[in-house]
Structures are given as C-alpha cells and as structure tokens.
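To be precise, the following lines are coords_23.cif, and they hold mmCIF, N, CA and C atoms.
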data_query
loop_
_atom_site.label_atom_id
_atom_site.label_comp_id
_atom_site.auth_asym_id
_atom_site.auth_seq_id
_atom_site.Cartn_x
_atom_site.Cartn_y
_atom_site.Cartn_z
N MET A 1 157.96 -69.27 -49.66
CA MET A 1 159.21 -69.78 -50.17
C MET A 1 160.25 -69.78 -49.04
N PRO A 2 160.95 -70.89 -48.83
CA PRO A 2 161.94 -70.94 -47.76
C PRO A 2 163.11 -70.00 -48.03
N ARG A 3 163.66 -69.48 -46.95
CA ARG A 3 164.80 -68.58 -47.05
C ARG A 3 166.01 -69.36 -47.56
N ARG A 4 166.79 -68.72 -48.41
CA ARG A 4 168.01 -69.35 -48.91
C ARG A 4 169.09 -69.19 -47.84
N LEU A 5 169.63 -70.30 -47.41
CA LEU A 5 170.64 -70.28 -46.37
C LEU A 5 172.02 -70.04 -46.98
N PRO A 6 172.91 -69.43 -46.22
CA PRO A 6 174.24 -69.14 -46.75
C PRO A 6 175.03 -70.42 -47.04
N ASP A 7 175.83 -70.36 -48.08
CA ASP A 7 176.69 -71.49 -48.44
C ASP A 7 178.04 -71.27 -47.75
N VAL A 8 178.18 -71.86 -46.56
CA VAL A 8 179.39 -71.63 -45.77
C VAL A 8 180.58 -72.44 -46.26
N SER A 9 180.41 -73.17 -47.35
CA SER A 9 181.57 -73.87 -47.93
C SER A 9 182.46 -72.89 -48.70
N GLN A 10 181.93 -71.72 -49.03
CA GLN A 10 182.72 -70.69 -49.72
C GLN A 10 183.53 -69.92 -48.67
N PRO A 11 184.84 -69.79 -48.86
CA PRO A 11 185.70 -69.18 -47.84
C PRO A 11 185.26 -67.78 -47.39
N ASP A 12 184.86 -66.92 -48.31
CA ASP A 12 184.47 -65.56 -47.91
C ASP A 12 183.19 -65.57 -47.08
N VAL A 13 182.24 -66.41 -47.45
CA VAL A 13 180.99 -66.53 -46.70
C VAL A 13 181.28 -67.14 -45.33
N ARG A 14 182.13 -68.15 -45.30
CA ARG A 14 182.49 -68.81 -44.04
C ARG A 14 183.17 -67.83 -43.08
N ASP A 15 184.09 -67.02 -43.60
CA ASP A 15 184.80 -66.05 -42.76
C ASP A 15 183.85 -65.00 -42.17
N LYS A 16 182.92 -64.52 -42.98
CA LYS A 16 181.93 -63.55 -42.49
C LYS A 16 181.01 -64.19 -41.45
N ALA A 17 180.64 -65.44 -41.69
CA ALA A 17 179.79 -66.16 -40.74
C ALA A 17 180.51 -66.34 -39.41
N LYS A 18 181.77 -66.73 -39.46
CA LYS A 18 182.55 -66.91 -38.23
C LYS A 18 182.66 -65.60 -37.46
N ALA A 19 182.91 -64.53 -38.17
CA ALA A 19 183.02 -63.22 -37.52
C ALA A 19 181.71 -62.84 -36.85
N TYR A 20 180.60 -63.08 -37.53
CA TYR A 20 179.30 -62.77 -36.94
C TYR A 20 179.05 -63.62 -35.69
N LEU A 21 179.32 -64.91 -35.78
CA LEU A 21 179.05 -65.80 -34.65
C LEU A 21 179.93 -65.50 -33.44
N ARG A 22 181.07 -64.88 -33.65
CA ARG A 22 181.95 -64.53 -32.54
C ARG A 22 181.46 -63.31 -31.78
N GLN A 23 180.51 -62.58 -32.34
CA GLN A 23 179.97 -61.41 -31.66
C GLN A 23 179.16 -61.85 -30.45
N GLY A 24 179.25 -61.11 -29.38
CA GLY A 24 178.44 -61.41 -28.20
C GLY A 24 178.74 -62.78 -27.64
N ASP A 25 177.69 -63.46 -27.22
CA ASP A 25 177.86 -64.76 -26.58
C ASP A 25 177.25 -65.90 -27.39
N THR A 26 177.22 -65.75 -28.70
CA THR A 26 176.57 -66.74 -29.55
C THR A 26 177.21 -68.12 -29.43
N VAL A 27 178.52 -68.18 -29.49
CA VAL A 27 179.20 -69.48 -29.40
C VAL A 27 178.92 -70.13 -28.05
N GLU A 28 179.05 -69.35 -26.98
CA GLU A 28 178.79 -69.87 -25.64
C GLU A 28 177.35 -70.33 -25.49
N PHE A 29 176.42 -69.58 -26.09
CA PHE A 29 175.01 -69.95 -26.03
C PHE A 29 174.79 -71.34 -26.61
N PHE A 30 175.31 -71.58 -27.82
CA PHE A 30 175.10 -72.88 -28.45
C PHE A 30 175.87 -74.00 -27.75
N GLU A 31 177.05 -73.69 -27.21
CA GLU A 31 177.80 -74.71 -26.46
C GLU A 31 177.03 -75.14 -25.21
N LYS A 32 176.51 -74.17 -24.46
CA LYS A 32 175.73 -74.49 -23.26
C LYS A 32 174.46 -75.24 -23.62
N LEU A 33 173.80 -74.79 -24.67
CA LEU A 33 172.57 -75.46 -25.08
C LEU A 33 172.83 -76.91 -25.46
N ALA A 34 173.86 -77.14 -26.27
CA ALA A 34 174.19 -78.52 -26.67
C ALA A 34 174.54 -79.36 -25.46
N SER A 35 175.29 -78.80 -24.54
CA SER A 35 175.65 -79.51 -23.32
C SER A 35 174.41 -79.88 -22.51
N ASN A 36 173.51 -78.92 -22.35
CA ASN A 36 172.27 -79.18 -21.61
C ASN A 36 171.41 -80.22 -22.31
N ILE A 37 171.33 -80.15 -23.62
CA ILE A 37 170.55 -81.14 -24.37
C ILE A 37 171.10 -82.53 -24.14
N LEU A 38 172.41 -82.68 -24.22
CA LEU A 38 173.01 -84.00 -24.01
C LEU A 38 172.81 -84.49 -22.58
N ARG A 39 172.84 -83.57 -21.62
CA ARG A 39 172.65 -83.95 -20.23
C ARG A 39 171.21 -84.40 -19.97
N VAL A 40 170.25 -83.66 -20.51
CA VAL A 40 168.83 -83.92 -20.26
C VAL A 40 168.25 -84.94 -21.24
N GLN A 41 168.71 -84.90 -22.48
CA GLN A 41 168.22 -85.74 -23.57
C GLN A 41 166.68 -85.69 -23.70
N PRO A 42 166.18 -84.47 -23.98
CA PRO A 42 164.72 -84.28 -24.08
C PRO A 42 164.14 -84.99 -25.30
N MET A 43 162.86 -85.29 -25.22
CA MET A 43 162.16 -85.91 -26.35
C MET A 43 162.03 -84.93 -27.52
N SER A 44 161.80 -83.67 -27.21
CA SER A 44 161.65 -82.65 -28.24
C SER A 44 162.77 -81.62 -28.14
N LEU A 45 163.64 -81.61 -29.13
CA LEU A 45 164.71 -80.61 -29.16
C LEU A 45 164.16 -79.19 -29.23
N VAL A 46 163.12 -79.01 -30.02
CA VAL A 46 162.56 -77.67 -30.22
C VAL A 46 161.95 -77.16 -28.92
N ARG A 47 161.09 -77.96 -28.30
CA ARG A 47 160.44 -77.52 -27.05
C ARG A 47 161.47 -77.27 -25.95
N TYR A 48 162.43 -78.15 -25.82
CA TYR A 48 163.44 -77.98 -24.78
C TYR A 48 164.26 -76.72 -25.05
N SER A 49 164.69 -76.53 -26.28
CA SER A 49 165.50 -75.35 -26.64
C SER A 49 164.71 -74.07 -26.39
N LEU A 50 163.43 -74.09 -26.73
CA LEU A 50 162.59 -72.92 -26.48
C LEU A 50 162.50 -72.63 -24.99
N SER A 51 162.37 -73.65 -24.17
CA SER A 51 162.30 -73.41 -22.72
C SER A 51 163.62 -72.83 -22.21
N GLU A 52 164.75 -73.28 -22.75
CA GLU A 52 166.05 -72.72 -22.37
C GLU A 52 166.15 -71.25 -22.77
N VAL A 53 165.73 -70.91 -23.98
CA VAL A 53 165.79 -69.53 -24.45
C VAL A 53 164.87 -68.65 -23.59
N GLU A 54 163.67 -69.13 -23.31
CA GLU A 54 162.74 -68.36 -22.48
C GLU A 54 163.31 -68.15 -21.09
N PHE A 55 163.96 -69.17 -20.55
CA PHE A 55 164.61 -69.05 -19.24
C PHE A 55 165.67 -67.95 -19.28
N GLN A 56 166.47 -67.92 -20.32
CA GLN A 56 167.50 -66.90 -20.43
C GLN A 56 166.91 -65.51 -20.64
N LEU A 57 165.84 -65.43 -21.41
CA LEU A 57 165.19 -64.14 -21.64
C LEU A 57 164.57 -63.58 -20.36
N SER A 58 164.22 -64.46 -19.44
CA SER A 58 163.62 -64.02 -18.19
C SER A 58 164.64 -63.33 -17.30
N GLY A 59 165.93 -63.48 -17.65
CA GLY A 59 166.99 -62.83 -16.87
C GLY A 59 167.50 -63.67 -15.72
N LEU A 60 166.97 -64.86 -15.57
CA LEU A 60 167.42 -65.74 -14.50
C LEU A 60 168.69 -66.46 -14.94
N THR A 61 169.48 -66.86 -13.98
CA THR A 61 170.67 -67.65 -14.28
C THR A 61 170.67 -68.88 -13.38
N ALA A 62 171.27 -69.93 -13.88
CA ALA A 62 171.36 -71.18 -13.11
C ALA A 62 172.82 -71.53 -12.92
N THR A 63 173.19 -71.91 -11.74
CA THR A 63 174.57 -72.29 -11.46
C THR A 63 174.88 -73.64 -12.09
N ASN A 64 175.97 -73.69 -12.85
CA ASN A 64 176.46 -74.92 -13.48
C ASN A 64 175.45 -75.57 -14.41
N LYS A 65 174.47 -74.84 -14.86
CA LYS A 65 173.47 -75.44 -15.74
C LYS A 65 174.07 -75.94 -17.05
N GLY A 66 175.16 -75.31 -17.50
CA GLY A 66 175.76 -75.72 -18.76
C GLY A 66 176.86 -76.75 -18.63
N ASP A 67 177.18 -77.18 -17.44
CA ASP A 67 178.26 -78.16 -17.26
C ASP A 67 177.80 -79.54 -17.68
N LEU A 68 178.61 -80.18 -18.49
CA LEU A 68 178.32 -81.53 -18.96
C LEU A 68 178.78 -82.54 -17.92
N ASP A 69 177.93 -83.49 -17.63
CA ASP A 69 178.28 -84.57 -16.70
C ASP A 69 179.30 -85.47 -17.40
N ILE A 70 180.55 -85.43 -16.93
CA ILE A 70 181.60 -86.17 -17.63
C ILE A 70 181.49 -87.68 -17.44
N SER A 71 180.64 -88.11 -16.50
CA SER A 71 180.48 -89.55 -16.32
C SER A 71 179.48 -90.14 -17.32
N GLN A 72 178.82 -89.28 -18.07
CA GLN A 72 177.82 -89.74 -19.03
C GLN A 72 178.50 -90.55 -20.14
N ASP A 73 177.83 -91.55 -20.60
CA ASP A 73 178.34 -92.45 -21.62
C ASP A 73 178.34 -91.77 -22.99
N ARG A 74 179.51 -91.69 -23.62
CA ARG A 74 179.61 -91.05 -24.94
C ARG A 74 178.82 -91.82 -26.00
N ALA A 75 178.77 -93.12 -25.90
CA ALA A 75 178.00 -93.91 -26.86
C ALA A 75 176.52 -93.56 -26.76
N GLU A 76 176.06 -93.35 -25.54
CA GLU A 76 174.66 -92.95 -25.32
C GLU A 76 174.40 -91.58 -25.95
N ASP A 77 175.35 -90.65 -25.76
CA ASP A 77 175.23 -89.32 -26.37
C ASP A 77 175.17 -89.43 -27.88
N SER A 78 176.05 -90.22 -28.44
CA SER A 78 176.11 -90.38 -29.89
C SER A 78 174.81 -90.96 -30.43
N HIS A 79 174.30 -91.95 -29.74
CA HIS A 79 173.03 -92.57 -30.16
C HIS A 79 171.89 -91.53 -30.10
N TYR A 80 171.85 -90.77 -29.02
CA TYR A 80 170.82 -89.75 -28.87
C TYR A 80 170.92 -88.71 -29.99
N MET A 81 172.15 -88.25 -30.27
CA MET A 81 172.35 -87.23 -31.30
C MET A 81 171.88 -87.72 -32.66
N LYS A 82 172.19 -88.96 -32.98
CA LYS A 82 171.75 -89.51 -34.27
C LYS A 82 170.24 -89.69 -34.32
N LYS A 83 169.69 -90.24 -33.26
CA LYS A 83 168.24 -90.50 -33.22
C LYS A 83 167.43 -89.21 -33.34
N ARG A 84 167.87 -88.18 -32.66
CA ARG A 84 167.13 -86.90 -32.66
C ARG A 84 167.60 -85.94 -33.75
N ARG A 85 168.61 -86.36 -34.52
CA ARG A 85 169.17 -85.51 -35.57
C ARG A 85 169.58 -84.15 -35.02
N MET A 86 170.24 -84.21 -33.86
CA MET A 86 170.62 -83.01 -33.14
C MET A 86 171.55 -82.11 -33.94
N SER A 87 172.54 -82.66 -34.60
CA SER A 87 173.47 -81.84 -35.38
C SER A 87 172.75 -81.10 -36.50
N ALA A 88 171.87 -81.78 -37.20
CA ALA A 88 171.12 -81.15 -38.29
C ALA A 88 170.23 -80.03 -37.74
N PHE A 89 169.61 -80.29 -36.59
CA PHE A 89 168.75 -79.29 -35.94
C PHE A 89 169.56 -78.03 -35.62
N LEU A 90 170.70 -78.20 -34.97
CA LEU A 90 171.53 -77.06 -34.60
C LEU A 90 172.14 -76.38 -35.82
N ASP A 91 172.58 -77.15 -36.79
CA ASP A 91 173.16 -76.58 -38.02
C ASP A 91 172.16 -75.68 -38.72
N ARG A 92 170.95 -76.16 -38.90
CA ARG A 92 169.91 -75.38 -39.59
C ARG A 92 169.62 -74.08 -38.83
N TRP A 93 169.53 -74.18 -37.51
CA TRP A 93 169.27 -73.02 -36.66
C TRP A 93 170.39 -71.99 -36.80
N ILE A 94 171.63 -72.45 -36.74
CA ILE A 94 172.77 -71.55 -36.85
C ILE A 94 172.83 -70.92 -38.25
N LEU A 95 172.58 -71.70 -39.28
CA LEU A 95 172.58 -71.14 -40.64
C LEU A 95 171.48 -70.10 -40.81
N GLU A 96 170.33 -70.33 -40.21
CA GLU A 96 169.24 -69.35 -40.28
C GLU A 96 169.66 -68.07 -39.54
N MET A 97 170.34 -68.24 -38.43
CA MET A 97 170.81 -67.08 -37.68
C MET A 97 171.83 -66.29 -38.51
N ILE A 98 172.74 -66.99 -39.18
CA ILE A 98 173.72 -66.33 -40.03
C ILE A 98 173.03 -65.60 -41.17
N ALA A 99 171.99 -66.20 -41.73
CA ALA A 99 171.27 -65.56 -42.83
C ALA A 99 170.58 -64.27 -42.38
N GLN A 100 170.02 -64.28 -41.18
CA GLN A 100 169.28 -63.10 -40.71
C GLN A 100 170.15 -62.09 -39.96
N LYS A 101 171.22 -62.57 -39.33
CA LYS A 101 172.15 -61.72 -38.58
C LYS A 101 171.47 -60.80 -37.55
N PRO A 102 170.67 -61.37 -36.66
CA PRO A 102 170.03 -60.50 -35.66
C PRO A 102 171.08 -59.86 -34.75
N GLY A 103 170.89 -58.58 -34.47
CA GLY A 103 171.79 -57.85 -33.59
C GLY A 103 173.10 -57.45 -34.22
N ASN A 104 173.25 -57.66 -35.51
CA ASN A 104 174.53 -57.42 -36.18
C ASN A 104 174.96 -55.97 -36.13
N ASN A 105 174.04 -55.03 -36.21
CA ASN A 105 174.40 -53.61 -36.27
C ASN A 105 174.26 -52.91 -34.92
N ILE A 106 174.15 -53.68 -33.86
CA ILE A 106 173.99 -53.10 -32.52
C ILE A 106 175.34 -53.16 -31.81
N THR A 107 175.83 -52.01 -31.37
CA THR A 107 177.15 -51.97 -30.75
C THR A 107 177.13 -52.38 -29.29
N ASN A 108 176.02 -52.18 -28.59
CA ASN A 108 175.92 -52.59 -27.20
C ASN A 108 175.76 -54.11 -27.14
N VAL A 109 176.75 -54.79 -26.58
CA VAL A 109 176.78 -56.26 -26.60
C VAL A 109 175.58 -56.86 -25.88
N ALA A 110 175.23 -56.34 -24.71
CA ALA A 110 174.10 -56.88 -23.96
C ALA A 110 172.80 -56.74 -24.75
N ARG A 111 172.62 -55.59 -25.38
CA ARG A 111 171.40 -55.38 -26.19
C ARG A 111 171.40 -56.30 -27.41
N ALA A 112 172.54 -56.45 -28.06
CA ALA A 112 172.64 -57.34 -29.22
C ALA A 112 172.34 -58.78 -28.82
N ASN A 113 172.82 -59.20 -27.65
CA ASN A 113 172.52 -60.56 -27.16
C ASN A 113 171.03 -60.74 -26.91
N ARG A 114 170.36 -59.72 -26.37
CA ARG A 114 168.90 -59.80 -26.16
C ARG A 114 168.18 -59.94 -27.50
N VAL A 115 168.64 -59.20 -28.51
CA VAL A 115 168.04 -59.29 -29.85
C VAL A 115 168.24 -60.71 -30.41
N ARG A 116 169.40 -61.27 -30.18
CA ARG A 116 169.66 -62.64 -30.65
C ARG A 116 168.77 -63.64 -29.92
N ARG A 117 168.59 -63.45 -28.61
CA ARG A 117 167.70 -64.34 -27.84
C ARG A 117 166.27 -64.26 -28.37
N ALA A 118 165.85 -63.04 -28.70
CA ALA A 118 164.51 -62.87 -29.27
C ALA A 118 164.41 -63.59 -30.62
N PHE A 119 165.49 -63.54 -31.41
CA PHE A 119 165.52 -64.29 -32.67
C PHE A 119 165.37 -65.78 -32.38
N HIS A 120 166.14 -66.30 -31.41
CA HIS A 120 166.07 -67.73 -31.07
C HIS A 120 164.65 -68.12 -30.69
N LYS A 121 164.02 -67.31 -29.87
CA LYS A 121 162.65 -67.60 -29.41
C LYS A 121 161.70 -67.65 -30.61
N GLN A 122 161.78 -66.64 -31.46
CA GLN A 122 160.89 -66.59 -32.63
C GLN A 122 161.16 -67.76 -33.57
N TYR A 123 162.42 -68.08 -33.80
CA TYR A 123 162.79 -69.19 -34.68
C TYR A 123 162.18 -70.50 -34.16
N LEU A 124 162.34 -70.74 -32.88
CA LEU A 124 161.83 -72.00 -32.29
C LEU A 124 160.30 -72.03 -32.27
N GLU A 125 159.67 -70.91 -31.96
CA GLU A 125 158.20 -70.85 -32.00
C GLU A 125 157.69 -71.13 -33.41
N ASP A 126 158.36 -70.57 -34.41
CA ASP A 126 157.98 -70.82 -35.80
C ASP A 126 158.15 -72.29 -36.16
N LEU A 127 159.22 -72.91 -35.68
CA LEU A 127 159.42 -74.35 -35.93
C LEU A 127 158.28 -75.17 -35.33
N LEU A 128 157.89 -74.83 -34.11
CA LEU A 128 156.78 -75.55 -33.47
C LEU A 128 155.49 -75.39 -34.27
N LEU A 129 155.22 -74.18 -34.74
CA LEU A 129 154.01 -73.94 -35.54
C LEU A 129 154.04 -74.73 -36.84
N ARG A 130 155.19 -74.73 -37.51
CA ARG A 130 155.30 -75.48 -38.78
C ARG A 130 155.10 -76.97 -38.55
N ARG A 131 155.60 -77.48 -37.46
CA ARG A 131 155.47 -78.92 -37.18
C ARG A 131 154.02 -79.29 -36.87
N ARG A 132 153.27 -78.37 -36.31
CA ARG A 132 151.85 -78.64 -36.07
C ARG A 132 151.07 -78.71 -37.36
N ASP A 133 151.54 -77.94 -38.37
CA ASP A 133 150.86 -77.90 -39.66
C ASP A 133 151.19 -79.10 -40.52
N GLU A 134 152.25 -79.81 -40.19
CA GLU A 134 152.68 -80.95 -41.02
C GLU A 134 151.84 -82.18 -40.75
#
Could you write out this structure as structure tokens?
Amino acid sequence: MPRRLPDVSQPDVRDKAKAYLRQGDTVEFFEKLASNILRVQPMSLVRYSLSEVEFQLSGLTATNKGDLDISQDRAEDSHYMKKRRMSAFLDRWILEMIAQKPGNNITNVARANRVRRAFHKQYLEDLLLRRRDE
C-alpha cells in the first residue's frame, strides 16, 4: 500500500513541513539539484538525481556545479520541465521526505544532512526498482 503523503494545503501541516525543510541544507540541496537538472537536461531524472546524491555522499564537492547558466533559453527549460514532468517528480520526492522526516530528531546538522542524503539515495533507488517492475 502506498504511503499517504501529507496534505500541505492545510496551514498547520504546511507550517510544520516548511519548518522541517528549513533544517540543514534541504532547500539548498533541491535548489542545486533543480539547477543542475536544467543545465544538463538528462534523459532520466531519477538516474541523474541518484548520481548527484551519490556524488554528494562520497564527500566530494564540485566548484560552481550548482550555478545555472543564465544564457540558457527559458523556453527550452520550460519545455524540458513539462516533457519530463520535473515539477511533479520533485514535488513527490519532497512530499515523501516530509512524510518520513529523515534526520528530524538529530541535533548535529552534518549528521542529519547525511541521514537525509541516505534517504534521497534510498528513495531514488526504490523508484528505479519500481520502474523496472512496471
């Protein structure tokens, strides 16, 4: 049975979700990921996102990897986002994260971020497995 995702249209649920997402580097993580996706425009959002998460889990860092090329055509970005259903992909992922709240009770920010990265990796691996079964 699929997990019931939070209804963020309710103000109290939305406020708790916002507070959770502000912990650690969650917002920055998704901003950089979205920027990189638009820059690279991969065929598979799941595979590309998983490679980004694995890269981050390895402890390596890349200079300016999250910077968006401002010369890129916005119409091209919009077309890509619609074609790949990028917003729906990211929304579902974020809602699943809010439902599970990985790292929520960990006070050490770096450790909580590692727990969240592990959640991202597992979430994406599970998505890949489910898509193979379809």
Point to revise | Residues matched by the PyMOL selection byres ((chain A and resi 91-108) around 8), written as a PyMOL selection string | key: chain A and resi 3-6+16-17+20-21+24+85-90+109-117+119-120+123
**Study point:** Distance of atom C of Val53 in chain A from atom C of Lys121 in chain A, expressed in Å to one decimal place
**Key:**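 Computing the Euclidean distance for atom C of Lys121 in chain A and atom C of Val53 in chain A yields 7.8 Å.
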Revision key, fill the gap. What separates atom C of Leu129 in chain A and atom C of Glu52 in chain A is a distance of 18.9 Å
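If you measure from each of A:Asp126, A:Asp15, A:Asp7, A:Glu31 to Val46 in chain A using only C-alpha atoms, the closest one turns out to be A:Asp126.
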Practice item. To one decimal in Å, tell me the separation between atom C of Arg131 in chain A and atom C of Ser51 in chain A. Key: 18.7 Å
**Study point:** Every residue of chain A that DSSP places in alpha helix (DSSP H), as a ChimeraX atom specification
**Key:** /A:11-21,26-40,45-57,74-84,86-100,109-133
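For the structure in this document, the set picked by the PyMOL selection byres ((chain A and resi 38) around 8) is A:Lys32, A:Leu33, A:Ala34, A:Ser35, A:Asn36, A:Ile37, A:Arg39, A:Val40, A:Gln41, A:Pro42, A:Leu68, A:Asp69, A:Glu76, A:Asp77, A:Tyr80, A:Met81.
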Extending 4 Å beyond the listed atoms of range 88-101 of chain A on each side, what axis-aligned box results? I want centre and edge lengths in Å to one decimal, as JSON.
{"center_x": 171.2, "center_y": -71.3, "center_z": -38.7, "size_x": 13.0, "size_y": 29.0, "size_z": 16.2}
Check your understanding: Between A:Asp12, A:Lys18, A:Thr26, A:Glu54, which is the closest to Glu125 in chain A once you count only C-alpha atoms?
Key ->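 Going through A:Asp12, A:Lys18, A:Thr26, A:Glu54 one by one, the smallest distance to Glu125 in chain A is for A:Glu54.
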